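Undergrad: Sending over a structure as structure tokens; questions will come in a sec.
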Amino acid sequence: MTSSKRNNSIGTLVLKVMAVVIWAAGLAFYIIGFHNADPSENILTTILRSALSAAEMFVGHSSLGEISLEAHANTATHWHPKGFYLFCFILIHVSAVVITIIVALRTLMRRVWRFITLFCQAHMGKKKSLHVFFSTNKASVLMAKDIMGCSALSPLSAKEKARRQEENRVVFVSLPHTEQREKGESTFSTLIGLFSYNRHVLDSISEVGKGTLLIRANQGFSSFKAADKRTDDPLVMGDGKAKSDIKQQFLNPNHFDHPFDLFRRMGLRLLAELITKRSTDVRLYLLSENEQRNVQALDVISSDPFFYPECSEKSMHMSIYCQAQQDDLNMFEEIRLLEKSNIEVHVLNASSLSVLYLQRQPECLPVNYVDIEQGRVTSEFRAMVIGFGETGQTLLPFLYEHSTFLGRGNERSPYHITAIDSHMDELRGSFLMQHPGLADNPNLELEQVEIGSKEFWTLMEREIGKLNYVTIALGDDHKSMSLAVALYKFAMRLRDNNLSRFTIYVRSYEHDNECHMNSVAQHYNRFNHAKRQKGEIGNIVIFGELDEIYCCNLMHMRDEVRREQKTQNASQMGNAIQFYNTYQHAAGYEGDWFDRRRDAMREEDELIVSYDELNRKEQQDFANCLHINTKLRLMGLPASRTTQPFSTLSNELKEQVYGLFCRACEIASQTNYPQQPADDEAALLLDTLSQTEHLRWMAAHEICGFTEGMTYGENKGKNNMKPWQELLPKVQRYDLLVVLTTLAVQYEGVTDEYESRHRKA
């Protein structure tokens, strides 16, 4: 703790002690006064009246009028010399008011200091990446701490921490948090709430680190009306109106005539100047627990002229992160702002981030639970999803796609996934409507079973010996953890393989319960530590912890990167844009991620259709990034959370990687995909991985609703939803290029090494 923080804490403690002492003195004098004024009054009533009056001293209110002059005289006669009681009474009240003034002045001085700091940053500060949080909840604070390198989960070196703080600027916007405050009403309770709220806000942002700014808004987003998407959304209008007419209609709802009029009317003028003058790129975070208000705020923000293409600053990259349910209604927000090439909207929530966290952990992937021989999987993968709420419905597609391996006979290896919930009959219909490609799949079961019932344990008794991957997401930490422990003990009794390749993943929902849940998991994991195979994780794993999911590596993973520089998370296992651009280079094609997006946005007559096709392609680029570690494990290469410079690999690993990469380049250089000779192990392994990639691609499209024989694409004539052997050789080459790109992205510099050796040759 710094000396300034220590002094501030001591000063706060002294004020608290003085306030308690003064309140106690006021309580005593009021009891004396009220009792002498009316000796017949009930003593409990007197004490309660005195406690309330003593508290009201701090807002300048006195109950002296309720104590008669005769009472003063009586008090003076029986207790002290005449007038002494009144003198002490007034002294205590003055002291209480002084304490209030000191607290108010401290708060005012903090605000003045914050204003001066913000003013200097807006007009004289260095240009940095700006991160603006419109809430001060735990998720926002944890995200801000990770941005500034202050996260306890992944501590950074002093040099790296200083670099992050040098490149990034964090601003918290304190919005009006009660309707009473917005109406301007002032009562004792609101005054106490004001001080406690400010204290809470200041304590929260103090955890983020040096240089964090706080600015108060005069109005909340609820004070403004969002643009009506039914009539004036420029993305959905097809009546041929001029851009200027559309723009005028788009701006009319709130009468925003100039860029950042919204922020100025909210009292955030300095924030607007900070964005326009002192920021290289901007990220806005709407991460409050109220998801409906987050979406409403997004609507209001996007109606500002700055977000309209003709008015926006094209050189500035902007992203908006909105915490909301990922349904069709909310995901439309991403489509609505897609036309603005410098605006990225990301709708996300804790459930999707929790599952994304599992996908990013190499040890949590299904490939760790199967037997592998030359890239083929020779054992069955079995999983169970317990609890089919939002998290469960996100987990099942992940398990379905990432358990897609090539088995014997050039078919998908055996798998079985069961999802159970006590309300499955209500959930099944909507899930299969969103994922029709998964309907009628005999290897997927959606069962309605009451958790903990006799039918549940009968099902578990039948499955427990074969299960590899169990997820529990019941929406209640206590219930989820209790069931995990019960399943662990149940498996210990019935499994005969010492819980090898068996893990129970438990979703955490409340931040306050995370420490206890991890303690319980560690307690049971240590009993089977010696029996687990090397490299396996514990049998009980907690996922979804707030500091794990609200971090740059997950939140920023879908971000675009600017042409001249990478985002700070670009080294974290690559990203979709890097993957696509590398793929284009390997295939010898022209154009990059941005060109593809611009081409899609030119289709104004069929923008929604064009967006669906663009989204399908971009989601596959993103899925390819998440599948990197699975492909590495199938190729016999070590998995990693980050990309690895090729030059830093051991000599043995370097030759293995280069050999595969070189052979992949040789095969990919041929126009048609050739038949691989049986004695070429590297070529056969690459062929196996190419077939695996095609199976994964088909599984991903089945999740999106495509079925075998179904056409897709811009010309509605493509049909690659068929077995590998039926594909054209040039289409088979596409899958090999994905494998080649995987090696190029994971091992930075291997492409340069290959090109350098060939130039010398």
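In the structure tokens, each chain is lettered A, B, ... as it comes, each chain's residues begin at 1, and ligands are numbered from 1 in order of appearance.
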Report the residues of segment 334-464 of chain A whose backbone DSSP state falls under alpha helix (DSSP H), written as a ChimeraX atom specification.

TA: /A:334-336,350-360,390-402,424-434,454-463

Undergrad: Got a sec: who's within 7 Å of segment 408-421 of chain A, counting only C-alpha atoms, leaving out chain neighbours fewer than 5 positions off, as number ranges by chain?

TA: A: 377-388, 443-451

Undergrad: Suppose we keep N, CA and C atoms; can you now write the selection as a PDB file, in the first residue's frame?

TA:
ATOM      1  N   VAL A 377      -8.244 -41.234 -33.698  1.00  0.00           N
ATOM      2  CA  VAL A 377      -8.703 -41.528 -32.336  1.00  0.00           C
ATOM      3  C   VAL A 377      -9.299 -42.928 -32.322  1.00  0.00           C
ATOM      4  N   THR A 378      -8.825 -43.739 -31.392  1.00  0.00           N
ATOM      5  CA  THR A 378      -9.229 -45.146 -31.361  1.00  0.00           C
ATOM      6  C   THR A 378     -10.103 -45.491 -30.159  1.00  0.00           C
ATOM      7  N   SER A 379     -10.494 -44.505 -29.356  1.00  0.00           N
ATOM      8  CA  SER A 379     -11.359 -44.768 -28.204  1.00  0.00           C
ATOM      9  C   SER A 379     -12.584 -43.867 -28.264  1.00  0.00           C
ATOM     10  N   GLU A 380     -13.570 -44.179 -27.450  1.00  0.00           N
ATOM     11  CA  GLU A 380     -14.816 -43.420 -27.447  1.00  0.00           C
ATOM     12  C   GLU A 380     -14.719 -42.242 -26.478  1.00  0.00           C
ATOM     13  N   PHE A 381     -15.339 -41.147 -26.855  1.00  0.00           N
ATOM     14  CA  PHE A 381     -15.459 -39.988 -25.971  1.00  0.00           C
ATOM     15  C   PHE A 381     -16.908 -39.875 -25.528  1.00  0.00           C
ATOM     16  N   ARG A 382     -17.107 -39.852 -24.212  1.00  0.00           N
ATOM     17  CA  ARG A 382     -18.463 -39.745 -23.665  1.00  0.00           C
ATOM     18  C   ARG A 382     -18.522 -38.565 -22.699  1.00  0.00           C
ATOM     19  N   ALA A 383     -19.554 -37.757 -22.852  1.00  0.00           N
ATOM     20  CA  ALA A 383     -19.707 -36.559 -22.023  1.00  0.00           C
ATOM     21  C   ALA A 383     -21.136 -36.457 -21.523  1.00  0.00           C
ATOM     22  N   MET A 384     -21.315 -35.735 -20.422  1.00  0.00           N
ATOM     23  CA  MET A 384     -22.640 -35.487 -19.864  1.00  0.00           C
ATOM     24  C   MET A 384     -22.727 -34.033 -19.416  1.00  0.00           C
ATOM     25  N   VAL A 385     -23.775 -33.376 -19.854  1.00  0.00           N
ATOM     26  CA  VAL A 385     -24.031 -31.983 -19.482  1.00  0.00           C
ATOM     27  C   VAL A 385     -25.195 -31.981 -18.499  1.00  0.00           C
ATOM     28  N   ILE A 386     -24.929 -31.645 -17.241  1.00  0.00           N
ATOM     29  CA  ILE A 386     -25.959 -31.633 -16.202  1.00  0.00           C
ATOM     30  C   ILE A 386     -26.382 -30.182 -15.970  1.00  0.00           C
ATOM     31  N   GLY A 387     -27.607 -29.880 -16.286  1.00  0.00           N
ATOM     32  CA  GLY A 387     -28.090 -28.511 -16.243  1.00  0.00           C
ATOM     33  C   GLY A 387     -28.042 -27.931 -17.637  1.00  0.00           C
ATOM     34  N   PHE A 388     -29.212 -27.676 -18.225  1.00  0.00           N
ATOM     35  CA  PHE A 388     -29.274 -27.262 -19.630  1.00  0.00           C
ATOM     36  C   PHE A 388     -29.800 -25.839 -19.755  1.00  0.00           C
ATOM     37  N   ASN A 443     -26.407 -40.128 -31.244  1.00  0.00           N
ATOM     38  CA  ASN A 443     -25.312 -39.975 -30.290  1.00  0.00           C
ATOM     39  C   ASN A 443     -25.498 -38.772 -29.363  1.00  0.00           C
ATOM     40  N   LEU A 444     -26.601 -38.047 -29.529  1.00  0.00           N
ATOM     41  CA  LEU A 444     -26.938 -36.923 -28.655  1.00  0.00           C
ATOM     42  C   LEU A 444     -28.276 -37.211 -27.993  1.00  0.00           C
ATOM     43  N   GLU A 445     -28.301 -37.163 -26.665  1.00  0.00           N
ATOM     44  CA  GLU A 445     -29.530 -37.405 -25.918  1.00  0.00           C
ATOM     45  C   GLU A 445     -29.847 -36.202 -25.041  1.00  0.00           C
ATOM     46  N   LEU A 446     -31.078 -35.727 -25.137  1.00  0.00           N
ATOM     47  CA  LEU A 446     -31.563 -34.634 -24.292  1.00  0.00           C
ATOM     48  C   LEU A 446     -32.648 -35.217 -23.393  1.00  0.00           C
ATOM     49  N   GLU A 447     -32.298 -35.499 -22.145  1.00  0.00           N
ATOM     50  CA  GLU A 447     -33.176 -36.241 -21.252  1.00  0.00           C
ATOM     51  C   GLU A 447     -33.745 -35.338 -20.164  1.00  0.00           C
ATOM     52  N   GLN A 448     -35.040 -35.490 -19.903  1.00  0.00           N
ATOM     53  CA  GLN A 448     -35.656 -34.801 -18.768  1.00  0.00           C
ATOM     54  C   GLN A 448     -35.555 -35.709 -17.550  1.00  0.00           C
ATOM     55  N   VAL A 449     -34.725 -35.314 -16.619  1.00  0.00           N
ATOM     56  CA  VAL A 449     -34.500 -36.086 -15.401  1.00  0.00           C
ATOM     57  C   VAL A 449     -34.363 -35.106 -14.250  1.00  0.00           C
ATOM     58  N   GLU A 450     -35.048 -35.370 -13.174  1.00  0.00           N
ATOM     59  CA  GLU A 450     -34.925 -34.541 -11.979  1.00  0.00           C
ATOM     60  C   GLU A 450     -33.566 -34.796 -11.339  1.00  0.00           C
ATOM     61  N   ILE A 451     -32.768 -33.733 -11.194  1.00  0.00           N
ATOM     62  CA  ILE A 451     -31.425 -33.877 -10.644  1.00  0.00           C
ATOM     63  C   ILE A 451     -31.515 -34.407  -9.209  1.00  0.00           C
TER      64      ILE A 451
END

Undergrad: Give me the residues within 9 Å of Val94 of chain A as a list in words, counting only C-alpha atoms and dropping any in the same chain fewer than 5 places off.

TA: Met57, Phe58, Gly60, Phe89 and Ile99 of chain A

Undergrad: Quick one: everything within 6 Å of Gly544 of chain A, counting only C-alpha atoms, minus sequence neighbours fewer than 4 positions away in the same chain. Send it as JSON, numbers by chain.

TA: {"A": [354, 507, 508]}

Undergrad: Let me make sure I understand: among A:Ile301, A:Met555, A:Ala158, A:Val97, which one has the smallest atom-to-atom distance to Ala350 of chain A if we use only C-alpha atoms?

TA: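 Of A:Ile301, A:Met555, A:Ala158, A:Val97, the one nearest Ala350 of chain A, counting only C-alpha atoms, is A:Met555.
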